[in-house]
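For reference, the structure discussed in these notes is given below.
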Amino acid sequence: MLTATSPAHPGIAYRFMGLLSTGLLALCAGYAALVLNSAPWAEASQLDAIFPFYKWRTRLFSPAEYATAKQLLLAGAALMTVIFGVLALGQRGRAELLTWGRELRAAPRFWTPWSLLTQGQRRWAGGALAALTLLRLILSSPDVNAEYDDAASYTLFVSKGLIAVSSYYPIPNNHVFSNTLSWLFYQLHPGFWWTMRLPVVLAATVATALMFVGLLRHHVGFRPAIIAVTLFSLAQLSIYHAAVGRGYWLLTGLAMIVFFCVLALQAGTAFPRLAWTGLVIGGVLGAYTVPTFALVLGSAFTWLGLHWWRQIGRVCRLAAAGAAVVMGTLLLHTPLLFISGPAMLFSNGFVASHPIAQFLKGLPVFLWQTEGFLAGQMKVGSLLTVATLAGVAWLWRRGRTGQLPPALAAPWQQLVPATLWFMLFPYAMVVSQRVFPPGRTLLYKAFFLFVLLALVVEWLLQSRVMQGQRWLRPALGLTFLLWCTYQFTSLWRDNRRPSQNNAHYHAAFAWLATQPIGPVLVPEPTHYIFLGMYFLSERAGQPWQFDGRPLPGKPYSYVVAFPNLRGYFQPVFTQPPAFHNQEVDIYRVPTPAPQADVNGLPPYFHLAD
């Protein structure tokens, strides 16, 4: 399908780009209209009640404005559909649709390299993927990998319906596309593991297979391909996010689609419409997963632009594709922009520019720690990156003078330059925007590092100079074993405290679930998230009511707080808690309820200054 050796493709008709763009925009506008129509104004305007602890509030909008937004999106979807239909009319339009459909049906050919492997190689690769999937399933158990950020995603977004998933954005914790997939699983079963963890394991499995086969398609041998994918999959950041309900592995899989489509378009593929479709749709869905996917898109479009800058036709098609990605992404985000406002998406703390002096002062540390984080160790991992880049520079020089073995030379013609670009160009975007994105948002970038490292290792194993060194293979094996040991011990160390805390939260839930049902006041955000998660996941049929702030005049049966007045909420009770452990105190409110103060609030409600 997307092979680097396919003949140069003929020029893509502008009609096709019009069909692709209008079809995509019709679907995006239609989906956004579906989201807004999934909830009445009364529900959409009260999303702040989901998590009352933030001072930030959603936009104020009237029922008429809400209805207008839905009508505009439907009108936009209808307009794009009409334009699509007009473009599809006539002999040229039908011919373009038939060609496009024929190329889309050729998509399964991407997996052809799998059938070209020997039986032994397929056994090794299949066994490695099965072992990785089993490991991810084990680590995805909340008993092994404690609920943390995905607990908030489950409680605040996924369990609250499609309108909350797609529109409520108090924190960038809401990975919209990933949480939308989880919401679909939630409709089948509300269990936390089924809803949040299983979709990620499935996405990681597909992305892993995509990486491996994609490397084989671009002349990377079996051994370096499996080395690269294994190293990436076992890095601490990667193995953790393959087992928790976040969107970073979904982002990684979509980044791989964009990357391999870019390689196909650059080299000239027999299926250019398929490659353009993958680039545009993968770009829109990636940006809808985590906004920092813009780093992937920036790398992709600048790489193609640099190669095509003298070919005005291709540059125009690239610009059209970029415009389609931007407009499609904005349309999908329309419910979020309308309800939560643009500031939360474009000006939150993760994307806000730093003052130039502060940014330049922090940049060296950011670069060093980020590359170290991606390589597996924040403080010294960048040494692996530096050594790999030095090895790549040396081998690239040898390759340009014809000194590499033929079996190793092919990837250095196209794959390695593009890999370096996708690995390093995001930092140019970071500098231009003066932002420090969290290392986890750059997870996908580690794949490119390990591809380069695997090619260097493969050269060492095949080099005539090194073939007589019997110590080399044992040394590489021991290094790999020590590296893996560190990854898993670090994962266990970092997970130990959250696991202990979650055990206390779960014990509080288990006690409360055995008590008579009554209204519960939970003024601490952590308790609110975790108790809400456990009741939604394990006691979905019980009508418990949790309030983060007391409603004036409402009597409560239970009040939840941190022990020893160490939280923001410091309750005033004369009796000891009915339940107590290291993280949770639960008080029974005496009956009759104490008299409320002049504001209608209970006398035991007191917040620290």
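Numbering starts fresh at 1 for the residues of each chain in the structure tokens, the chains themselves are lettered A, B, ... in the order given, and ligands are numbered from 1 as they appear.
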Contacts of Ala510 (chain A) within 10 Å, only C-alpha atoms, excl. fewer than 4 positions in-chain, as an MDAnalysis selection string: chainID A and resid 504:506 514:515 531 534:535 538
Write out as a ChimeraX atom specification each polymer residue whose atoms come within 10 Å of Phe84 (chain A), counting only C-alpha atoms; drop sequence neighbours fewer than 6 positions from it. /A:15,18-26,78,93
Residue neighbourhood Leu215 (chain A), 10 Å, only C-alpha atoms, exclusion window fewer than 6 positions, as a short mmCIF file (atom, residue, chain, number, x, y, z; two decimals) with N, CA and C atoms, in the first residue's frame:
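The new file selection28.cif reads:
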```cif
data_model
loop_
_atom_site.label_atom_id
_atom_site.label_comp_id
_atom_site.auth_asym_id
_atom_site.auth_seq_id
_atom_site.Cartn_x
_atom_site.Cartn_y
_atom_site.Cartn_z
N PRO A 113 3.94 -6.99 4.33
CA PRO A 113 5.24 -7.46 4.83
C PRO A 113 5.14 -8.58 5.86
N GLY A 221 15.10 -4.08 8.52
CA GLY A 221 15.11 -5.53 8.67
C GLY A 221 14.29 -5.99 9.85
N PHE A 222 14.04 -7.30 9.89
CA PHE A 222 13.22 -7.86 10.96
C PHE A 222 13.80 -7.55 12.33
N PRO A 224 16.15 -5.18 13.50
CA PRO A 224 16.05 -3.80 14.01
C PRO A 224 14.61 -3.33 14.20
N ALA A 225 13.68 -3.84 13.39
CA ALA A 225 12.28 -3.44 13.58
C ALA A 225 11.75 -3.94 14.91
N ILE A 226 12.06 -5.17 15.24
CA ILE A 226 11.52 -5.71 16.50
C ILE A 226 12.26 -5.12 17.69
N ALA A 228 13.41 -1.96 17.80
CA ALA A 228 12.86 -0.60 17.97
C ALA A 228 11.51 -0.63 18.67
N VAL A 229 10.62 -1.51 18.19
CA VAL A 229 9.27 -1.55 18.75
C VAL A 229 9.30 -2.07 20.19
N PHE A 260 3.74 7.45 8.39
CA PHE A 260 3.90 6.54 7.26
C PHE A 260 3.19 7.07 6.01
N PRO A 411 17.31 2.04 4.48
CA PRO A 411 16.58 2.96 5.38
C PRO A 411 17.20 4.35 5.48
N LEU A 415 13.92 6.88 5.22
CA LEU A 415 13.35 6.70 6.56
C LEU A 415 14.13 7.49 7.61
N VAL A 451 13.96 3.86 16.91
CA VAL A 451 14.21 3.40 15.54
C VAL A 451 15.67 3.67 15.17
#
```
Which polymer residues have any atom within 7 Å of an atom of Val200 (chain A), counting only C-alpha atoms, with same-chain residues fewer than 3 positions away left out, as a PyMOL selection string? chain A and resi 197+203-204+242-245+249
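Between CA of Ala375 (chain A) and CA of Thr388 (chain A) there is a distance of 10.8 Å.
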For the structure I just gave you, how does DSSP split region 47-76 of chain A - specifically, which residues are alpha helix (DSSP H)? Reply as a PyMOL selection string. chain A and resi 63-76
Surrounding residues of Ser62 (chain A) excluding itself and chain neighbours under 2 positions, 12 Å, only C-alpha atoms, as an MDAnalysis selection string: chainID A and resid 40:42 44:46 59:60 64:69 338:339
Can I get the selection written as a tab-separated table (two decimals), in the first residue's frame, with all heavy atoms?
```tsv
chain	number	residue	atom	x	y	z
A	40	PRO	N	-30.21	18.55	26.26
A	40	PRO	CA	-30.99	19.79	26.22
A	40	PRO	C	-30.19	20.94	26.82
A	40	PRO	O	-29.17	20.74	27.49
A	40	PRO	CB	-32.22	19.46	27.06
A	40	PRO	CG	-31.75	18.41	28.01
A	40	PRO	CD	-30.74	17.59	27.26
A	41	TRP	N	-30.67	22.16	26.59
A	41	TRP	CA	-29.99	23.33	27.11
A	41	TRP	C	-29.82	23.26	28.62
A	41	TRP	O	-28.76	23.64	29.15
A	41	TRP	CB	-30.78	24.59	26.74
A	41	TRP	CG	-30.25	25.83	27.41
A	41	TRP	CD1	-29.21	26.60	27.00
A	41	TRP	CD2	-30.72	26.40	28.64
A	41	TRP	NE1	-28.99	27.64	27.88
A	41	TRP	CE2	-29.91	27.53	28.91
A	41	TRP	CE3	-31.73	26.07	29.54
A	41	TRP	CZ2	-30.09	28.33	30.03
A	41	TRP	CZ3	-31.91	26.87	30.66
A	41	TRP	CH2	-31.09	27.99	30.90
A	42	ALA	N	-30.84	22.78	29.33
A	42	ALA	CA	-30.78	22.73	30.80
A	42	ALA	C	-29.59	21.91	31.27
A	42	ALA	O	-28.94	22.25	32.27
A	42	ALA	CB	-32.08	22.17	31.36
A	44	ALA	N	-26.78	21.12	29.28
A	44	ALA	CA	-25.54	21.68	28.75
A	44	ALA	C	-25.10	22.92	29.51
A	44	ALA	O	-23.90	23.20	29.64
A	44	ALA	CB	-25.71	22.01	27.27
A	45	SER	N	-26.05	23.68	30.03
A	45	SER	CA	-25.72	24.93	30.73
A	45	SER	C	-25.35	24.70	32.18
A	45	SER	O	-24.95	25.64	32.87
A	45	SER	CB	-26.89	25.90	30.65
A	45	SER	OG	-28.04	25.35	31.29
A	46	GLN	N	-25.47	23.46	32.65
A	46	GLN	CA	-25.19	23.16	34.05
A	46	GLN	C	-23.99	22.22	34.20
A	46	GLN	O	-23.86	21.54	35.21
A	46	GLN	CB	-26.42	22.54	34.72
A	46	GLN	CG	-27.61	23.47	34.81
A	46	GLN	CD	-27.31	24.70	35.64
A	46	GLN	OE1	-26.70	24.62	36.69
A	46	GLN	NE2	-27.74	25.87	35.14
A	59	ARG	N	-19.15	29.00	29.70
A	59	ARG	CA	-19.77	30.21	29.17
A	59	ARG	C	-21.26	30.27	29.51
A	59	ARG	O	-21.92	29.23	29.64
A	59	ARG	CB	-19.63	30.25	27.65
A	59	ARG	CG	-18.25	30.50	27.12
A	59	ARG	CD	-18.26	30.54	25.60
A	59	ARG	NE	-19.08	31.63	25.10
A	59	ARG	CZ	-20.26	31.46	24.50
A	59	ARG	NH1	-20.78	30.25	24.33
A	59	ARG	NH2	-20.94	32.50	24.04
A	60	LEU	N	-21.74	31.47	29.65
A	60	LEU	CA	-23.18	31.65	29.80
A	60	LEU	C	-23.80	31.77	28.40
A	60	LEU	O	-23.32	32.55	27.56
A	60	LEU	CB	-23.48	32.92	30.61
A	60	LEU	CG	-22.98	32.91	32.06
A	60	LEU	CD1	-23.25	34.27	32.70
A	60	LEU	CD2	-23.63	31.80	32.86
A	64	ALA	N	-31.79	30.15	23.23
A	64	ALA	CA	-31.82	30.55	21.82
A	64	ALA	C	-30.43	30.43	21.18
A	64	ALA	O	-30.29	29.97	20.04
A	64	ALA	CB	-32.33	31.98	21.69
A	65	GLU	N	-29.40	30.82	21.91
A	65	GLU	CA	-28.03	30.70	21.39
A	65	GLU	C	-27.64	29.23	21.20
A	65	GLU	O	-26.97	28.88	20.22
A	65	GLU	CB	-27.05	31.39	22.34
A	65	GLU	CG	-27.18	32.90	22.36
A	65	GLU	CD	-26.31	33.53	23.43
A	65	GLU	OE1	-26.17	32.92	24.52
A	65	GLU	OE2	-25.79	34.63	23.20
A	66	TYR	N	-28.07	28.41	22.12
A	66	TYR	CA	-27.78	26.98	22.02
A	66	TYR	C	-28.46	26.39	20.79
A	66	TYR	O	-27.85	25.63	20.02
A	66	TYR	CB	-28.26	26.29	23.29
A	66	TYR	CG	-27.82	24.84	23.46
A	66	TYR	CD1	-26.48	24.50	23.45
A	66	TYR	CD2	-28.76	23.84	23.67
A	66	TYR	CE1	-26.08	23.19	23.63
A	66	TYR	CE2	-28.37	22.52	23.84
A	66	TYR	CZ	-27.03	22.21	23.82
A	66	TYR	OH	-26.64	20.90	24.00
A	67	ALA	N	-29.70	26.76	20.57
A	67	ALA	CA	-30.44	26.27	19.40
A	67	ALA	C	-29.80	26.78	18.11
A	67	ALA	O	-29.69	26.04	17.12
A	67	ALA	CB	-31.90	26.71	19.48
A	68	THR	N	-29.33	28.02	18.12
A	68	THR	CA	-28.69	28.58	16.94
A	68	THR	C	-27.40	27.85	16.61
A	68	THR	O	-27.11	27.58	15.43
A	68	THR	CB	-28.40	30.08	17.14
A	68	THR	OG1	-29.63	30.76	17.39
A	68	THR	CG2	-27.70	30.67	15.94
A	69	ALA	N	-26.63	27.52	17.64
A	69	ALA	CA	-25.38	26.78	17.41
A	69	ALA	C	-25.66	25.44	16.75
A	69	ALA	O	-24.96	25.03	15.81
A	69	ALA	CB	-24.65	26.58	18.74
A	338	PHE	N	-17.85	26.35	22.19
A	338	PHE	CA	-19.10	27.06	22.47
A	338	PHE	C	-19.43	27.04	23.96
A	338	PHE	O	-19.85	28.05	24.53
A	338	PHE	CB	-20.24	26.43	21.68
A	338	PHE	CG	-21.57	27.07	21.94
A	338	PHE	CD1	-21.90	28.28	21.36
A	338	PHE	CD2	-22.50	26.46	22.79
A	338	PHE	CE1	-23.12	28.90	21.61
A	338	PHE	CE2	-23.73	27.05	23.04
A	338	PHE	CZ	-24.04	28.28	22.45
A	339	ILE	N	-19.23	25.91	24.61
A	339	ILE	CA	-19.65	25.77	26.02
A	339	ILE	C	-18.54	26.16	26.98
A	339	ILE	O	-18.77	26.91	27.94
A	339	ILE	CB	-20.13	24.33	26.28
A	339	ILE	CG1	-21.44	24.08	25.51
A	339	ILE	CG2	-20.33	24.08	27.77
A	339	ILE	CD1	-21.99	22.68	25.66
```
Residues of region 140-253 of chain A within 12 Å of region 49-55 of chain A: nearest atom pair and distance (Å, one decimal) for each, counting only C-alpha atoms, sorted by chain and number, as a tab-separated table?
```
residue	atom	partner	partner_atom	distance
A:Ala152	CA	A:Phe51	CA	10.1
A:Ser153	CA	A:Phe51	CA	11.7
A:Tyr154	CA	A:Ile50	CA	11.9
A:Thr155	CA	A:Ile50	CA	8.8
A:Leu156	CA	A:Ile50	CA	6.3
A:Phe157	CA	A:Ile50	CA	8.5
A:Val158	CA	A:Ile50	CA	11.4
A:Ser159	CA	A:Ile50	CA	10.4
A:Lys160	CA	A:Ile50	CA	8.0
A:Gly161	CA	A:Ile50	CA	11.1
A:Ile163	CA	A:Ile50	CA	11.8
A:Ala164	CA	A:Ile50	CA	8.8
A:Val165	CA	A:Ile50	CA	11.5
A:Tyr168	CA	A:Ile50	CA	9.1
A:Tyr169	CA	A:Phe51	CA	10.9
A:Pro170	CA	A:Tyr54	CA	7.7
A:Ile171	CA	A:Tyr54	CA	9.7
```
Rounded to one decimal in Å, what is the spacing between CA of Pro592 (chain A) and CA of Gln545 (chain A)?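 Separating CA of Pro592 (chain A) from CA of Gln545 (chain A) is a distance of 19.3 Å.
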One decimal, in Å: what's the spacing between CA of Leu482 (chain A) and CA of Val392 (chain A)?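 These two atoms are separated by 23.5 Å.
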Just checking: using only C-alpha atoms, which residue out of A:Leu79, A:Ala352, A:Leu231, A:Leu336 ends up closest to Tyr288 (chain A)? A:Leu336
Selection near Ala320 (chain A), 10 Å with only C-alpha atoms, sequence-local residues under 2 positions removed, as a tab-separated table (two decimals) with all heavy atoms, in the first residue's frame:
```tsv
chain	number	residue	atom	x	y	z
A	14	TYR	N	-7.49	18.15	-8.28
A	14	TYR	CA	-8.02	19.05	-7.26
A	14	TYR	C	-9.43	18.64	-6.87
A	14	TYR	O	-9.88	18.92	-5.75
A	14	TYR	CB	-7.99	20.49	-7.74
A	14	TYR	CG	-6.59	21.06	-7.84
A	14	TYR	CD1	-5.97	21.26	-9.06
A	14	TYR	CD2	-5.89	21.38	-6.68
A	14	TYR	CE1	-4.68	21.76	-9.13
A	14	TYR	CE2	-4.61	21.90	-6.73
A	14	TYR	CZ	-4.00	22.07	-7.97
A	14	TYR	OH	-2.73	22.58	-8.03
A	17	MET	N	-9.16	16.48	-3.84
A	17	MET	CA	-8.93	17.24	-2.61
A	17	MET	C	-10.22	17.92	-2.17
A	17	MET	O	-10.49	18.02	-0.96
A	17	MET	CB	-7.82	18.27	-2.81
A	17	MET	CG	-6.46	17.69	-3.14
A	17	MET	SD	-5.87	16.47	-1.93
A	17	MET	CE	-5.76	17.46	-0.45
A	18	GLY	N	-11.02	18.38	-3.12
A	18	GLY	CA	-12.31	18.96	-2.76
A	18	GLY	C	-13.25	17.93	-2.16
A	18	GLY	O	-13.95	18.21	-1.18
A	20	LEU	N	-12.37	15.12	-0.63
A	20	LEU	CA	-11.84	14.74	0.69
A	20	LEU	C	-12.17	15.81	1.73
A	20	LEU	O	-12.63	15.50	2.84
A	20	LEU	CB	-10.33	14.53	0.59
A	20	LEU	CG	-9.58	14.25	1.90
A	20	LEU	CD1	-10.12	12.99	2.58
A	20	LEU	CD2	-8.08	14.12	1.64
A	21	SER	N	-11.94	17.07	1.37
A	21	SER	CA	-12.14	18.16	2.34
A	21	SER	C	-13.61	18.33	2.69
A	21	SER	O	-13.98	18.41	3.88
A	21	SER	CB	-11.58	19.46	1.78
A	21	SER	OG	-10.20	19.36	1.54
A	280	VAL	N	-4.91	13.29	6.36
A	280	VAL	CA	-5.90	14.27	6.79
A	280	VAL	C	-6.75	13.74	7.94
A	280	VAL	O	-6.92	14.41	8.97
A	280	VAL	CB	-6.79	14.67	5.59
A	280	VAL	CG1	-7.97	15.51	6.06
A	280	VAL	CG2	-5.96	15.45	4.57
A	314	ARG	N	1.80	20.47	-5.98
A	314	ARG	CA	1.82	19.68	-4.75
A	314	ARG	C	1.72	20.58	-3.51
A	314	ARG	O	1.09	20.20	-2.52
A	314	ARG	CB	3.09	18.84	-4.71
A	314	ARG	CG	3.09	17.68	-5.69
A	314	ARG	CD	4.31	16.81	-5.50
A	314	ARG	NE	4.22	15.60	-6.31
A	314	ARG	CZ	5.13	14.62	-6.31
A	314	ARG	NH1	6.19	14.72	-5.51
A	314	ARG	NH2	4.97	13.55	-7.06
A	315	VAL	N	2.36	21.73	-3.56
A	315	VAL	CA	2.28	22.64	-2.42
A	315	VAL	C	0.84	23.11	-2.21
A	315	VAL	O	0.37	23.21	-1.07
A	315	VAL	CB	3.23	23.84	-2.63
A	315	VAL	CG1	2.99	24.91	-1.56
A	315	VAL	CG2	4.68	23.39	-2.58
A	316	CYS	N	0.12	23.36	-3.29
A	316	CYS	CA	-1.28	23.77	-3.17
A	316	CYS	C	-2.12	22.64	-2.57
A	316	CYS	O	-3.00	22.90	-1.73
A	316	CYS	CB	-1.82	24.17	-4.53
A	316	CYS	SG	-1.17	25.76	-5.13
A	317	ARG	N	-1.86	21.42	-3.00
A	317	ARG	CA	-2.62	20.31	-2.42
A	317	ARG	C	-2.27	20.12	-0.95
A	317	ARG	O	-3.14	19.79	-0.13
A	317	ARG	CB	-2.34	19.03	-3.23
A	317	ARG	CG	-3.00	19.02	-4.60
A	317	ARG	CD	-2.89	17.68	-5.27
A	317	ARG	NE	-1.54	17.43	-5.76
A	317	ARG	CZ	-1.10	17.79	-6.96
A	317	ARG	NH1	-1.90	18.46	-7.78
A	317	ARG	NH2	0.13	17.50	-7.34
A	318	LEU	N	-1.00	20.32	-0.61
A	318	LEU	CA	-0.59	20.22	0.79
A	318	LEU	C	-1.28	21.31	1.62
A	318	LEU	O	-1.75	21.04	2.74
A	318	LEU	CB	0.92	20.35	0.88
A	318	LEU	CG	1.54	20.17	2.27
A	318	LEU	CD1	1.32	18.76	2.79
A	318	LEU	CD2	3.04	20.49	2.25
A	322	GLY	N	-3.83	20.78	4.70
A	322	GLY	CA	-3.63	21.43	5.99
A	322	GLY	C	-4.85	22.23	6.42
A	322	GLY	O	-5.25	22.20	7.59
A	323	ALA	N	-5.45	22.93	5.47
A	323	ALA	CA	-6.66	23.70	5.80
A	323	ALA	C	-7.79	22.78	6.22
A	323	ALA	O	-8.55	23.09	7.15
A	323	ALA	CB	-7.07	24.54	4.59
A	324	ALA	N	-7.91	21.62	5.54
A	324	ALA	CA	-8.95	20.66	5.91
A	324	ALA	C	-8.73	20.13	7.32
A	324	ALA	O	-9.69	19.97	8.10
A	324	ALA	CB	-8.98	19.50	4.91
A	325	VAL	N	-7.47	19.87	7.69
A	325	VAL	CA	-7.17	19.39	9.04
A	325	VAL	C	-7.54	20.45	10.07
A	325	VAL	O	-8.18	20.15	11.10
A	325	VAL	CB	-5.68	19.01	9.16
A	325	VAL	CG1	-5.31	18.74	10.61
A	325	VAL	CG2	-5.37	17.77	8.31
A	326	VAL	N	-7.16	21.68	9.83
A	326	VAL	CA	-7.46	22.75	10.79
A	326	VAL	C	-8.97	22.95	10.93
A	326	VAL	O	-9.50	23.00	12.06
A	326	VAL	CB	-6.78	24.06	10.34
A	326	VAL	CG1	-7.25	25.23	11.22
A	326	VAL	CG2	-5.26	23.93	10.42
```
Near-Leu297 (chain A) list (12 Å; only C-alpha atoms; drop same-chain fewer than 2 positions) as a PyMOL selection string: chain A and resi 251+254-259+261-262+279-287+291-295+299-305+318+321-323+325-326+329+421-422+425-426+429
Between A:Asn37, A:Met196, A:Gly214, A:Ala131, which has the minimum distance to Thr112 (chain A) (counting only C-alpha atoms)?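 Once distances to Thr112 (chain A) are computed over only C-alpha atoms, the minimum belongs to A:Gly214.
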